[in-house]
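Enquirer: Here you go, protein27.txt (compact mmCIF, C-alpha atoms):
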# COMPACT_ATOMS: atom_id res chain seq x y z
CA MET C 1 -3.48 18.91 -17.50
CA THR C 2 -4.10 22.42 -18.69
CA GLU C 3 -0.82 24.31 -18.14
CA GLN C 4 1.67 23.83 -20.95
CA THR C 5 4.62 24.04 -18.53
CA ASP C 6 3.38 21.20 -16.35
CA LYS C 7 4.91 17.75 -16.61
CA ILE C 8 3.49 14.30 -17.09
CA VAL C 9 4.82 12.33 -14.13
CA ALA C 10 4.99 8.57 -14.74
CA LEU C 11 5.70 6.35 -11.75
CA VAL C 12 7.55 3.40 -13.27
CA ASP C 13 8.55 0.06 -11.76
CA GLY C 14 9.57 -3.35 -13.02
CA SER C 15 6.03 -4.65 -13.53
CA ASP C 16 4.32 -5.94 -16.67
CA TYR C 17 2.46 -2.61 -16.80
CA ALA C 18 5.60 -0.49 -17.26
CA ALA C 19 5.69 -0.63 -21.09
CA SER C 20 2.00 0.27 -21.35
CA LEU C 21 2.49 3.10 -18.89
CA CYS C 22 5.32 4.54 -20.99
CA ASN C 23 3.33 4.24 -24.21
CA HIS C 24 0.36 6.00 -22.64
CA ALA C 25 2.69 8.72 -21.34
CA ALA C 26 4.06 9.17 -24.87
CA TRP C 27 0.52 9.42 -26.25
CA ILE C 28 -0.38 12.16 -23.76
CA ALA C 29 2.91 14.00 -24.41
CA GLN C 30 2.38 14.01 -28.15
CA ARG C 31 -1.17 15.35 -27.83
CA THR C 32 -0.40 18.03 -25.24
CA GLY C 33 3.23 18.98 -25.90
CA ALA C 34 4.09 18.32 -22.25
CA ALA C 35 7.43 16.97 -21.02
CA VAL C 36 7.58 13.59 -19.27
CA GLU C 37 9.25 12.99 -15.94
CA LEU C 38 9.95 9.33 -15.13
CA VAL C 39 10.06 8.59 -11.41
CA HIS C 40 11.15 5.34 -9.77
CA ILE C 41 10.84 5.06 -6.01
CA LEU C 42 13.07 2.80 -3.95
CA ASP C 43 10.56 1.74 -1.32
CA GLN C 44 11.77 1.85 2.28
CA ARG C 45 10.44 -1.67 2.69
CA ASN C 46 13.25 -2.79 0.38
CA ALA C 47 15.94 -0.83 2.23
CA PRO C 48 18.90 -2.72 3.73
CA GLN C 49 18.28 -4.46 7.02
CA THR C 50 19.89 -2.89 10.06
CA ARG C 51 18.70 -5.43 12.64
CA ASP C 52 21.48 -7.04 14.71
CA LEU C 53 21.55 -10.72 13.66
CA SER C 54 24.73 -11.66 15.54
CA GLY C 55 23.00 -12.85 18.68
CA THR C 56 25.23 -14.09 21.50
CA ILE C 57 28.24 -14.99 19.34
CA ALA C 58 31.65 -14.50 20.93
CA LEU C 59 33.09 -11.01 20.63
CA GLY C 60 35.64 -11.64 17.85
CA ALA C 61 33.29 -13.66 15.67
CA ARG C 62 30.51 -11.21 16.43
CA SER C 63 32.54 -8.27 15.12
CA ALA C 64 33.46 -10.19 11.96
CA LEU C 65 29.82 -11.12 11.34
CA LEU C 66 28.64 -7.54 11.86
CA ASN C 67 31.21 -6.38 9.30
CA GLU C 68 30.00 -8.98 6.80
CA LEU C 69 26.38 -7.98 7.38
CA ALA C 70 27.26 -4.32 6.84
CA GLU C 71 29.01 -5.22 3.58
CA LEU C 72 25.99 -7.23 2.44
CA ASP C 73 23.67 -4.31 3.25
CA ALA C 74 25.85 -1.95 1.27
CA GLN C 75 25.99 -4.34 -1.67
CA ARG C 76 22.22 -4.86 -1.58
CA ALA C 77 21.60 -1.11 -1.46
CA LYS C 78 23.90 -0.65 -4.45
CA LEU C 79 22.13 -3.37 -6.45
CA ILE C 80 18.68 -1.94 -5.66
CA THR C 81 19.84 1.49 -6.80
CA GLN C 82 21.36 0.07 -9.99
CA ARG C 83 18.12 -1.78 -10.73
CA GLY C 84 16.14 1.44 -10.24
CA ARG C 85 18.38 3.29 -12.67
CA ALA C 86 18.04 0.45 -15.19
CA ILE C 87 14.23 0.67 -14.93
CA LEU C 88 14.40 4.41 -15.62
CA ASP C 89 16.78 3.87 -18.56
CA ASP C 90 14.45 1.28 -20.09
CA ALA C 91 11.47 3.61 -19.66
CA ARG C 92 13.35 6.50 -21.25
CA SER C 93 14.23 4.27 -24.20
CA LEU C 94 10.56 3.37 -24.74
CA LEU C 95 9.56 7.04 -24.72
CA GLU C 96 12.34 7.99 -27.13
CA LYS C 97 11.26 5.24 -29.53
CA ALA C 98 7.73 6.68 -29.37
CA GLY C 99 9.06 10.07 -30.43
CA VAL C 100 9.21 11.89 -27.08
CA SER C 101 12.31 14.05 -26.59
CA ALA C 102 11.54 16.11 -23.46
CA ILE C 103 12.25 13.47 -20.81
CA SER C 104 13.70 13.70 -17.31
CA THR C 105 14.22 11.01 -14.67
CA ARG C 106 14.25 10.91 -10.88
CA LEU C 107 15.29 8.10 -8.55
CA LEU C 108 13.83 8.59 -5.07
CA GLN C 109 13.73 6.61 -1.85
CA GLY C 110 10.94 6.59 0.68
CA ASP C 111 7.21 6.08 0.99
CA ILE C 112 5.38 6.96 -2.21
CA VAL C 113 2.57 8.89 -0.52
CA GLU C 114 4.97 10.87 1.64
CA LEU C 115 6.90 11.81 -1.50
CA LEU C 116 3.77 12.58 -3.50
CA GLN C 117 3.35 16.16 -2.34
CA ASP C 118 6.69 17.08 -3.88
CA ILE C 119 6.25 14.86 -6.93
CA GLU C 120 2.90 16.33 -7.95
CA THR C 121 3.84 20.00 -7.48
CA GLU C 122 4.61 20.56 -11.18
CA ALA C 123 2.59 17.63 -12.53
CA ARG C 124 -0.42 17.95 -14.79
CA VAL C 125 -1.13 14.25 -14.31
CA ILE C 126 0.28 11.40 -12.21
CA MET C 127 0.52 8.10 -14.09
CA ILE C 128 0.73 4.65 -12.52
CA GLY C 129 0.15 1.06 -13.60
CA LYS C 130 -2.96 -0.65 -12.29
CA ARG C 131 -0.85 -3.27 -10.56
CA GLY C 132 2.73 -3.31 -9.42
CA GLU C 133 5.47 -5.90 -9.63
CA GLY C 134 3.36 -8.47 -7.74
CA ALA C 135 0.56 -8.27 -10.32
CA ASP C 136 0.80 -11.92 -11.38
CA PHE C 137 0.19 -12.98 -7.79
CA ALA C 138 -2.70 -10.61 -7.12
CA LYS C 139 -4.89 -10.54 -10.20
CA GLY C 140 -8.02 -9.86 -8.14
CA HIS C 141 -6.48 -6.93 -6.29
CA LEU C 142 -5.32 -3.46 -7.15
CA GLY C 143 -1.70 -2.49 -6.80
CA SER C 144 -0.83 -1.82 -3.17
CA ASN C 145 0.10 1.81 -3.88
CA LEU C 146 -2.67 2.70 -6.30
CA GLU C 147 -5.47 3.39 -3.85
CA ARG C 148 -3.11 5.24 -1.52
CA ILE C 149 -2.04 7.50 -4.38
CA VAL C 150 -5.60 8.25 -5.50
CA ARG C 151 -6.58 9.05 -1.92
CA ALA C 152 -3.66 11.46 -1.49
CA CYS C 153 -3.22 13.00 -4.94
CA THR C 154 -4.73 16.38 -5.81
CA LYS C 155 -3.89 16.08 -9.53
CA PRO C 156 -5.53 13.80 -12.12
CA VAL C 157 -4.39 10.19 -11.86
CA PHE C 158 -4.02 8.09 -15.02
CA VAL C 159 -4.19 4.35 -14.31
CA ALA C 160 -2.60 2.45 -17.19
CA SER C 161 -4.00 -0.87 -18.35
CA ARG C 162 -1.75 -3.80 -19.15
CA ALA C 163 -1.81 -3.25 -22.91
CA PHE C 164 -1.62 -0.01 -24.88
CA LYS C 165 -3.64 0.87 -27.94
CA PRO C 166 -4.29 4.26 -29.54
CA ILE C 167 -7.17 6.06 -27.85
CA GLU C 168 -9.98 7.39 -30.03
CA ARG C 169 -13.13 6.91 -27.94
CA VAL C 170 -13.56 8.04 -24.34
CA LEU C 171 -16.23 6.85 -21.92
CA LEU C 172 -17.08 9.62 -19.46
CA ALA C 173 -18.99 8.60 -16.34
CA TYR C 174 -21.23 11.41 -15.13
CA ASP C 175 -23.39 11.29 -11.99
CA GLY C 176 -24.32 14.96 -11.68
CA GLY C 177 -22.24 15.51 -8.56
CA ALA C 178 -19.67 18.23 -7.98
CA SER C 179 -16.72 16.02 -8.89
CA SER C 180 -18.26 14.92 -12.20
CA ARG C 181 -19.09 18.53 -13.11
CA LYS C 182 -15.44 19.38 -12.50
CA VAL C 183 -14.48 16.48 -14.76
CA VAL C 184 -16.63 17.90 -17.58
CA ASP C 185 -15.11 21.35 -17.14
CA HIS C 186 -11.60 19.89 -17.13
CA ILE C 187 -12.19 17.90 -20.31
CA ALA C 188 -13.70 20.94 -22.05
CA ARG C 189 -10.47 22.90 -21.41
CA SER C 190 -7.87 20.15 -21.94
CA PRO C 191 -6.04 19.70 -25.27
CA LEU C 192 -5.80 15.98 -24.57
CA PHE C 193 -9.39 15.33 -25.65
CA ARG C 194 -9.40 17.33 -28.88
CA GLY C 195 -10.40 15.15 -31.81
CA LEU C 196 -11.57 12.26 -29.64
CA HIS C 197 -15.13 10.96 -29.50
CA LEU C 198 -16.73 11.29 -26.05
CA HIS C 199 -19.56 9.13 -24.77
CA LEU C 200 -21.11 10.84 -21.74
CA VAL C 201 -23.00 8.31 -19.61
CA THR C 202 -25.25 8.61 -16.57
CA VAL C 203 -26.56 5.43 -14.96
CA GLY C 204 -29.87 5.49 -13.09
CA ARG C 205 -33.60 5.92 -13.43
CA PRO C 206 -34.94 8.45 -15.94
CA ASN C 207 -36.19 11.65 -14.35
CA ASP C 208 -35.88 15.35 -14.93
CA ALA C 209 -32.81 15.99 -12.77
CA PRO C 210 -30.36 13.43 -14.24
CA GLU C 211 -31.51 14.07 -17.80
CA ARG C 212 -31.20 17.83 -17.41
CA GLY C 213 -27.74 17.48 -15.87
CA LEU C 214 -26.67 15.16 -18.66
CA GLU C 215 -27.84 17.57 -21.34
CA ASP C 216 -26.10 20.48 -19.60
CA ALA C 217 -22.84 18.50 -19.49
CA LYS C 218 -23.20 17.57 -23.17
CA ALA C 219 -23.84 21.20 -24.08
CA CYS C 220 -20.70 22.29 -22.20
CA LEU C 221 -18.53 19.77 -24.06
CA SER C 222 -20.13 20.51 -27.43
CA ALA C 223 -19.56 24.24 -26.91
CA ALA C 224 -15.86 23.45 -26.47
CA GLY C 225 -15.83 21.89 -29.93
CA LEU C 226 -15.77 18.26 -28.77
CA ALA C 227 -17.65 15.41 -30.44
CA VAL C 228 -19.95 14.01 -27.77
CA GLU C 229 -22.98 11.76 -27.41
CA ALA C 230 -24.95 11.33 -24.18
CA SER C 231 -26.77 8.31 -22.77
CA LEU C 232 -28.89 7.65 -19.69
CA LEU C 233 -28.65 3.94 -18.91
CA PRO C 234 -30.58 1.78 -16.41
CA GLY C 235 -28.95 -0.43 -13.80
CA GLN C 236 -26.04 -0.18 -11.40
CA PRO C 237 -23.15 2.12 -12.34
CA ASP C 238 -20.34 -0.43 -12.12
CA THR C 239 -22.29 -3.06 -14.10
CA ALA C 240 -23.50 -0.70 -16.84
CA LEU C 241 -20.15 1.05 -17.27
CA ARG C 242 -18.22 -2.19 -17.29
CA LYS C 243 -20.52 -3.62 -19.97
CA LEU C 244 -19.83 -0.63 -22.21
CA ALA C 245 -16.11 -1.06 -21.64
CA ASP C 246 -16.21 -4.82 -22.24
CA ASP C 247 -18.26 -4.36 -25.42
CA GLY C 248 -15.47 -2.31 -26.93
CA GLU C 249 -17.42 0.94 -26.80
CA ALA C 250 -14.44 2.93 -25.50
CA ASP C 251 -10.65 3.02 -25.32
CA MET C 252 -10.43 4.97 -22.05
CA LEU C 253 -12.67 5.65 -19.04
CA VAL C 254 -12.75 9.03 -17.27
CA MET C 255 -14.55 9.50 -13.97
CA GLY C 256 -14.49 11.43 -10.71
CA ALA C 257 -12.41 10.01 -7.90
CA TYR C 258 -15.53 9.80 -5.76
CA GLY C 259 -19.21 9.89 -6.53
CA HIS C 260 -22.32 11.81 -5.64
CA SER C 261 -23.80 9.12 -3.43
CA ARG C 262 -23.99 7.87 0.15
CA LEU C 263 -20.33 6.96 -0.25
CA ARG C 264 -19.35 10.51 -1.21
CA GLN C 265 -17.31 10.95 2.00
CA MET C 266 -14.97 8.19 0.82
CA ILE C 267 -12.15 9.30 -1.45
CA ILE C 268 -12.69 6.22 -3.59
CA GLY C 269 -16.30 5.10 -3.77
CA SER C 270 -17.26 1.51 -4.47
CA THR C 271 -18.05 2.20 -8.14
CA THR C 272 -14.68 3.85 -8.76
CA ASN C 273 -12.80 1.09 -6.98
CA GLU C 274 -14.65 -1.63 -8.87
CA MET C 275 -14.14 0.04 -12.24
CA ILE C 276 -10.40 0.35 -11.73
CA ARG C 277 -10.17 -3.27 -10.58
CA ALA C 278 -12.27 -4.86 -13.29
CA CYS C 279 -11.95 -2.56 -16.30
CA ARG C 280 -9.37 -3.45 -18.94
CA LEU C 281 -9.25 0.12 -20.17
CA PRO C 282 -6.96 2.84 -18.88
CA VAL C 283 -8.83 4.92 -16.28
CA VAL C 284 -8.41 8.62 -15.57
CA LEU C 285 -9.53 9.77 -12.12
CA LEU C 286 -10.11 13.44 -11.32
CA ARG C 287 -10.76 15.08 -7.98
Could you rewrite the structure in this file as structure tokens?
Expert:
Amino acid sequence: MTEQTDKIVALVDGSDYAASLCNHAAWIAQRTGAAVELVHILDQRNAPQTRDLSGTIALGARSALLNELAELDAQRAKLITQRGRAILDDARSLLEKAGVSAISTRLLQGDIVELLQDIETEARVIMIGKRGEGADFAKGHLGSNLERIVRACTKPVFVASRAFKPIERVLLAYDGGASSRKVVDHIARSPLFRGLHLHLVTVGRPNDAPERGLEDAKACLSAAGLAVEASLLPGQPDTALRKLADDGEADMLVMGAYGHSRLRQMIIGSTTNEMIRACRLPVVLLR
């Protein structure tokens, strides 16, 4: 999210999160001057069936049935492709209405993680909705592709909430680990955060190390010309951060994709996973 030539890559589908995703993409584009690439992936799980369903039918009838099945597969593939293009057209329209002009689209087929290496090559950020098209049936669960993308992606991942609202206040989770220090450095250099109010938060017991790290992080952001306040809060990270989010103290949460804890070997630690699942704010995850 620092190179002006990089694109914002928004992974769009037919879910209730698509409009919010496009509006957030427009917000980032307007603040950074970056182009937006809309990508819709035709999942292989929705590809036409090639299994032989003709069984032990007599030869003539069997041939006729196989021909009909092939025609149905071709028609289904055509409809799925047309639907994908319609989703991209709708997303483009939303971005244009929001004032974005530099827009490109891509319709791909395959597994999203296998395609990710190519998709993220020129991306400054990968954007995805918190839940996919089955969101209404899985309110307690994250989208099936979200965790896979965060595990595999080397670029920042923006997880859009269901509803969009202009972002003015940013909650920045800081645990003193290597990933959170990288987050602070990234924010200090990114044009996206200029003019926003940052609330830098560490959760834990007061002692010299966390407080010193918190002040160092605040000093780095302040030196970059950003408006920032810092807080050391008691309690568990997911509980304390969620309370701040639920109390309306922020419009967006930024955190490392994994924490400085006993779970540090996991790409997504329990706090990160819980915050994405429960938080109603958009969440930005950085490696």
Enquirer: C:Arg212, C:Lys218, C:Arg31, C:Arg106: which is nearest Asp185 in chain C, counting all atoms listed in the file?
Expert: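 Among C:Arg212, C:Lys218, C:Arg31, C:Arg106, it is C:Lys218 that comes nearest to Asp185 in chain C.
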Enquirer: Using all atoms of range 157-162 of chain C that appear in the file, construct an axis-aligned enclosing box with 3 Å of padding on every side and provide its centre coordinates and edge lengths in Å, rounded to one decimal, as lines of an AutoDock Vina configuration file.
Expert:
center_x = -3.1
center_y = 3.2
center_z = -15.5
size_x = 8.6
size_y = 20.0
size_z = 13.3
Enquirer: Between C:Ser15, C:Ser231, C:Gln109, C:Thr81, which is the closest to Pro206 in chain C once you count all atoms listed in the file?
Expert: C:Ser231
Enquirer: Need the shell around Ala224 in chain C: protein/DNA/RNA residues with any atom at most 12 Å away, counting all atoms listed in the file. Skip same-chain ones fewer than 4 positions apart. Format as a ChimeraX atom specification?
Expert: /C:184-191,193-195,217-220,228
Enquirer: Using only C-alpha atoms, find the one residue out of C:Ala257, C:Ile103, C:Val12, C:Leu226 that sits nearest to Glu147 in chain C.
Expert: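 Closest to Glu147 in chain C of all the choices is C:Ala257.
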Enquirer: State, in Å with one decimal place, the distance from CA of Leu146 in chain C to CA of Gly14 in chain C.
Expert: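 CA of Leu146 in chain C sits 15.2 Å away from CA of Gly14 in chain C.
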Enquirer: What does the distance from CA of Cys153 in chain C to CA of Thr239 in chain C come to in Å, to one decimal?
Expert: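 Interatomic distance, CA of Cys153 in chain C to CA of Thr239 in chain C: 26.6 Å.
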Enquirer: Hey, can you check how far CA of Asp90 in chain C sits from CA of Ala25 in chain C?
Expert: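 So the answer is 14.0 Å.
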Enquirer: Go through C:Gln236, C:Thr121, C:Asn273, C:Asn67 one by one, measure the shortest atom-to-atom distance of each to Arg151 in chain C using only C-alpha atoms, and give the residue with the smallest value.
Expert: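 Checking each candidate against Arg151 in chain C, we get C:Asn273 as the closest.
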Enquirer: Near range 199-202 of chain C, counting all atoms listed in the file, which residues have an atom at most 7 Å away, once you skip same-chain residues fewer than 5 positions from it, shown as a PyMOL selection string?
Expert: chain C and resi 170-175+228-233
Enquirer: Out of C:Leu244, C:Ile41, C:Leu281, C:Val125, which residue has the shortest atom-to-atom distance to Ile28 in chain C when counting all atoms listed in the file?
Expert: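 Checking each candidate against Ile28 in chain C, we get C:Val125 as the closest.
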Enquirer: When distances are computed from all atoms listed in the file, which of C:Ile167, C:Met127, C:Cys22, C:Ile87 shows the smallest separation from Lys155 in chain C?
Expert: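 When distances to Lys155 in chain C are compared using all atoms listed in the file, the smallest one comes from C:Met127.
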Enquirer: List as a VMD selection string the protein and nucleic acid residues near Lys165 in chain C, meaning an atom at most 9 Å away when all atoms listed in the file are counted, but skip any in the same chain fewer than 6 places from it.
Expert: chain C and resid 20 23 to 24 251
Enquirer: Considering only C-alpha atoms, return as a list in words whatever protein or nucleic-acid residues lie within 8 Å of Met255 in chain C, sequence-local ones (same chain, fewer than 6 positions apart) excluded.
Expert: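 Here the qualifying residues turn out to be Leu172, Ala173, Tyr174, Ser180, Val183, Thr272, Val283, Val284, Leu285 and Leu286 of chain C.
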